[in-house]
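Read the structure below first, then the notes.
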Amino acid sequence: MSSEQRIQLTVNGKTYERTVSVRMSLADFIRDHLHLTGTHLGCEHGVCGACTVLMNGRSARSCLTLAVQADGADIVTVEGLRAEDGTRHPVQEAFHENFGLQCGYCTPGMLITAVELLRDNPNPAEDEVREALSGNLCRCTGYQSIVDSVLAAARKRPDPGERKNPVR
Ligand code: FES
Ligand code: FES
């Protein structure tokens with residue numbers, strides 16, 4: 001059996017076709033092949049959430065997903081949250097305004113998880129935010145400013161009809 005496989009997938013609205021090792025993780029593919037380094041690697045075994053991306057609309061640990069498993073998939077990384085004109089996603093804006101980060105290492109995973117939460121539950125209670133983020137570890141903030149950021153994002157998020165792209 002070949003140790004390499006041809007894959008085609010969409011990342012942040014752009015389609016890519018590449019030959020990859022069947023052992024390569026989706027995280028390494030995103031970072032090393034596509035040079036989208038906003039997706040971070042922390043633990044590399046599914047615990048910290050730093051590598052979280054949206055895969056077909058659901059959050060996924062890209063360190064635990066093989067690139068070949070993403071063949072045909074639609075992926076959104078943190079770079080895909082900005083609008084085409086460079087405008088920050090409301091969740092990014094809320095993190096910026098509410099000091100939702102310090103070193104920023106956990107932030108891409110936090111943002112992706114928060115975007116998924118607010119898409120599915122536009123007006124979450126604080127405990128729902130905490131539960132949604134419970135799979136994402138942060139070593140700096142103590143979490144309160146992150147939770148505050150997500151609650152602020154819920155207040156400022158545009159109505160679905162006004163959004164410019166499906167994850168916004
Ligand atoms: S790097 Fe993937 S969960 Fe930690
Ligand atoms: S801001 Fe540093 S790990 Fe979260």
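In the structure tokens, chains take the letters A, B, ... in the order shown, each chain's residues start at 1, and ligands count up from 1 in the order shown.
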
From segment 6-83 of chain A, collect each residue whose DSSP state is strand (DSSP E) and return the set as a list in words. Arg6, Ile7, Gln8, Leu9, Thr10, Val11, Lys14, Thr15, Tyr16, Glu17, Arg18, Thr19, Val20, Ser21, Thr52, Val53, Leu54, Met55, Arg58, Ser59, Ala60, Arg61, Asp74, Ile75 and Val76 of chain A

Extract the full set of alpha helix (DSSP H) residues from chain A according to DSSP on the backbone, and format it as a ChimeraX atom specification. /A:26-28,90-97,107-120,126-132,144-156

Could you give me, as a list in words, the residues within 10 Å of segment 26-35 of chain A, counting only C-alpha atoms and dropping anything in the same chain fewer than 4 positions from it? Val11, Tyr16, Arg18, Thr19, Val20, Ser21, Thr39, His40, Leu41, Glu44, Cys51, Thr52, Val53, Ala60, Arg61, Ser62, Cys63, Leu64, Thr65, Leu66, Ala67, Val68, Gln69, Ala70, Ile75 and Thr77 of chain A

Can those selected residues be exported to a file as a PDB file, in the first residue's frame so that it contains C-alpha atoms?
```pdb
ATOM      1  CA  VAL A  11      -9.661  25.493   3.354  1.00  0.00           C
ATOM      2  CA  TYR A  16      -6.257  22.664  -2.595  1.00  0.00           C
ATOM      3  CA  ARG A  18      -1.856  17.890  -2.671  1.00  0.00           C
ATOM      4  CA  THR A  19      -0.065  14.567  -2.273  1.00  0.00           C
ATOM      5  CA  VAL A  20       0.492  13.837   1.417  1.00  0.00           C
ATOM      6  CA  SER A  21       1.875  11.115   3.620  1.00  0.00           C
ATOM      7  CA  THR A  39      -3.619  26.764  13.839  1.00  0.00           C
ATOM      8  CA  HIS A  40      -1.400  25.983  16.832  1.00  0.00           C
ATOM      9  CA  LEU A  41      -0.063  22.728  18.169  1.00  0.00           C
ATOM     10  CA  GLU A  44      -0.568  17.017  19.966  1.00  0.00           C
ATOM     11  CA  CYS A  51      -5.328  22.985  17.049  1.00  0.00           C
ATOM     12  CA  THR A  52      -9.123  23.243  16.744  1.00  0.00           C
ATOM     13  CA  VAL A  53     -10.535  23.907  13.274  1.00  0.00           C
ATOM     14  CA  ALA A  60     -12.278  19.089  15.186  1.00  0.00           C
ATOM     15  CA  ARG A  61      -8.862  18.476  16.724  1.00  0.00           C
ATOM     16  CA  SER A  62      -6.596  18.802  13.725  1.00  0.00           C
ATOM     17  CA  CYS A  63      -3.761  17.090  15.636  1.00  0.00           C
ATOM     18  CA  LEU A  64      -5.875  13.922  15.906  1.00  0.00           C
ATOM     19  CA  THR A  65      -7.238  14.082  12.362  1.00  0.00           C
ATOM     20  CA  LEU A  66      -5.189  12.705   9.505  1.00  0.00           C
ATOM     21  CA  ALA A  67      -4.909  14.890   6.444  1.00  0.00           C
ATOM     22  CA  VAL A  68      -6.223  11.992   4.360  1.00  0.00           C
ATOM     23  CA  GLN A  69      -9.348  11.896   6.560  1.00  0.00           C
ATOM     24  CA  ALA A  70     -10.031  15.471   5.458  1.00  0.00           C
ATOM     25  CA  ILE A  75     -12.115  23.289   6.619  1.00  0.00           C
ATOM     26  CA  THR A  77      -9.077  27.791  10.258  1.00  0.00           C
TER      27      THR A  77
END
```

Just give me the gap between atom CA of Arg119 of chain A and atom CA of Arg58 of chain A in Å, one decimal is fine. 10.6 Å

Ligand 2: which residues are within 8 Å, counting only C-alpha atoms and all ligand atoms, as a short mmCIF file (atom, residue, chain, number, x, y, z; two decimals) with all heavy atoms, in the first residue's frame?
```cif
data_model
loop_
_atom_site.label_atom_id
_atom_site.label_comp_id
_atom_site.auth_asym_id
_atom_site.auth_seq_id
_atom_site.Cartn_x
_atom_site.Cartn_y
_atom_site.Cartn_z
N GLY A 100 -9.30 39.12 25.86
CA GLY A 100 -9.54 37.67 25.88
C GLY A 100 -8.30 36.84 25.58
O GLY A 100 -8.44 35.65 25.30
N LEU A 101 -7.16 37.48 25.60
CA LEU A 101 -5.93 36.70 25.37
C LEU A 101 -4.76 37.38 26.05
O LEU A 101 -4.78 38.58 26.31
CB LEU A 101 -5.63 36.57 23.88
CG LEU A 101 -5.35 37.85 23.11
CD1 LEU A 101 -4.37 37.57 21.99
CD2 LEU A 101 -6.64 38.43 22.57
N GLN A 102 -3.76 36.57 26.34
CA GLN A 102 -2.49 37.13 26.82
C GLN A 102 -1.39 36.70 25.85
O GLN A 102 -1.07 37.42 24.92
CB GLN A 102 -2.21 36.71 28.26
CG GLN A 102 -3.14 37.45 29.23
CD GLN A 102 -2.86 37.16 30.68
OE1 GLN A 102 -1.75 36.82 31.07
NE2 GLN A 102 -3.89 37.26 31.50
N CYS A 103 -0.86 35.47 26.00
CA CYS A 103 0.19 35.07 25.04
C CYS A 103 -0.41 34.76 23.67
O CYS A 103 0.27 34.83 22.65
CB CYS A 103 0.96 33.86 25.56
SG CYS A 103 0.13 32.27 25.33
N GLY A 104 -1.68 34.40 23.64
CA GLY A 104 -2.36 34.14 22.37
C GLY A 104 -2.23 32.72 21.85
O GLY A 104 -2.79 32.41 20.79
N TYR A 105 -1.52 31.86 22.58
CA TYR A 105 -1.30 30.52 22.02
C TYR A 105 -2.59 29.72 21.90
O TYR A 105 -2.83 29.05 20.90
CB TYR A 105 -0.27 29.73 22.85
CG TYR A 105 0.38 28.67 22.01
CD1 TYR A 105 1.47 28.97 21.20
CD2 TYR A 105 -0.16 27.39 21.94
CE1 TYR A 105 2.03 28.03 20.37
CE2 TYR A 105 0.39 26.43 21.11
CZ TYR A 105 1.48 26.76 20.33
OH TYR A 105 2.02 25.82 19.50
N CYS A 106 -3.45 29.85 22.90
CA CYS A 106 -4.71 29.10 22.87
C CYS A 106 -5.76 29.76 22.00
O CYS A 106 -6.81 29.18 21.71
CB CYS A 106 -5.27 28.98 24.29
SG CYS A 106 -5.84 30.57 24.97
N THR A 107 -5.52 31.01 21.62
CA THR A 107 -6.57 31.86 21.05
C THR A 107 -7.20 31.32 19.76
O THR A 107 -8.44 31.37 19.63
CB THR A 107 -6.04 33.29 20.83
OG1 THR A 107 -5.39 33.72 22.03
CG2 THR A 107 -7.17 34.25 20.51
N LEU A 137 -7.71 24.56 26.63
CA LEU A 137 -6.91 24.97 27.79
C LEU A 137 -6.21 26.30 27.54
O LEU A 137 -5.72 26.55 26.44
CB LEU A 137 -5.87 23.90 28.12
CG LEU A 137 -6.41 22.49 28.37
CD1 LEU A 137 -5.29 21.56 28.79
CD2 LEU A 137 -7.52 22.50 29.42
N CYS A 138 -6.18 27.12 28.59
CA CYS A 138 -5.45 28.39 28.55
C CYS A 138 -4.58 28.46 29.79
O CYS A 138 -5.07 28.26 30.90
CB CYS A 138 -6.41 29.57 28.53
SG CYS A 138 -5.56 31.16 28.61
N ARG A 139 -3.31 28.75 29.61
CA ARG A 139 -2.39 28.79 30.75
C ARG A 139 -2.20 30.20 31.28
O ARG A 139 -1.45 30.41 32.22
CB ARG A 139 -1.04 28.20 30.35
CG ARG A 139 -1.16 26.76 29.92
CD ARG A 139 0.18 26.15 29.65
NE ARG A 139 0.90 25.91 30.89
CZ ARG A 139 2.06 25.31 30.96
NH1 ARG A 139 2.65 24.89 29.87
NH2 ARG A 139 2.67 25.12 32.11
N CYS A 140 -2.83 31.19 30.64
CA CYS A 140 -2.54 32.58 31.01
C CYS A 140 -3.68 33.32 31.68
O CYS A 140 -3.47 34.01 32.66
CB CYS A 140 -2.18 33.40 29.77
SG CYS A 140 -0.83 32.77 28.79
N THR A 141 -4.87 33.23 31.12
CA THR A 141 -5.89 34.23 31.44
C THR A 141 -6.74 33.92 32.66
O THR A 141 -7.41 34.82 33.16
CB THR A 141 -6.88 34.37 30.26
OG1 THR A 141 -7.53 33.11 30.07
CG2 THR A 141 -6.17 34.78 28.98
#
```

Within 7 Å of Pro90 of chain A, counting only C-alpha atoms, which residues show up once you throw out same-chain ones fewer than 3 positions away? Write them as a ChimeraX atom specification, please. /A:93-94,153,156-157

Only C-alpha atoms, please: the residues just picked out, written as an mmCIF file, in the first residue's frame.
```cif
data_model
loop_
_atom_site.group_PDB
_atom_site.id
_atom_site.type_symbol
_atom_site.label_atom_id
_atom_site.label_comp_id
_atom_site.auth_asym_id
_atom_site.auth_seq_id
_atom_site.Cartn_x
_atom_site.Cartn_y
_atom_site.Cartn_z
ATOM 1 C CA GLU A 93 -13.187 41.870 17.846
ATOM 2 C CA ALA A 94 -14.707 40.919 21.192
ATOM 3 C CA ALA A 153 -19.399 38.654 21.024
ATOM 4 C CA LYS A 156 -22.499 42.268 19.108
ATOM 5 C CA ARG A 157 -22.900 39.500 16.538
#
```

Atom CA of Gly46 of chain A and atom 1 (S, counted along the ligand's line) of ligand 1 are how many Å apart?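 Calculated distance between atom CA of Gly46 of chain A and atom 1 (S, counted along the ligand's line) of ligand 1 is 5.9 Å.
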
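When only C-alpha atoms and all ligand atoms are used to compute distances to ligand 1, the closest of the residues A:Arg130, A:His45, A:Arg82, A:Arg88 turns out to be A:His45.
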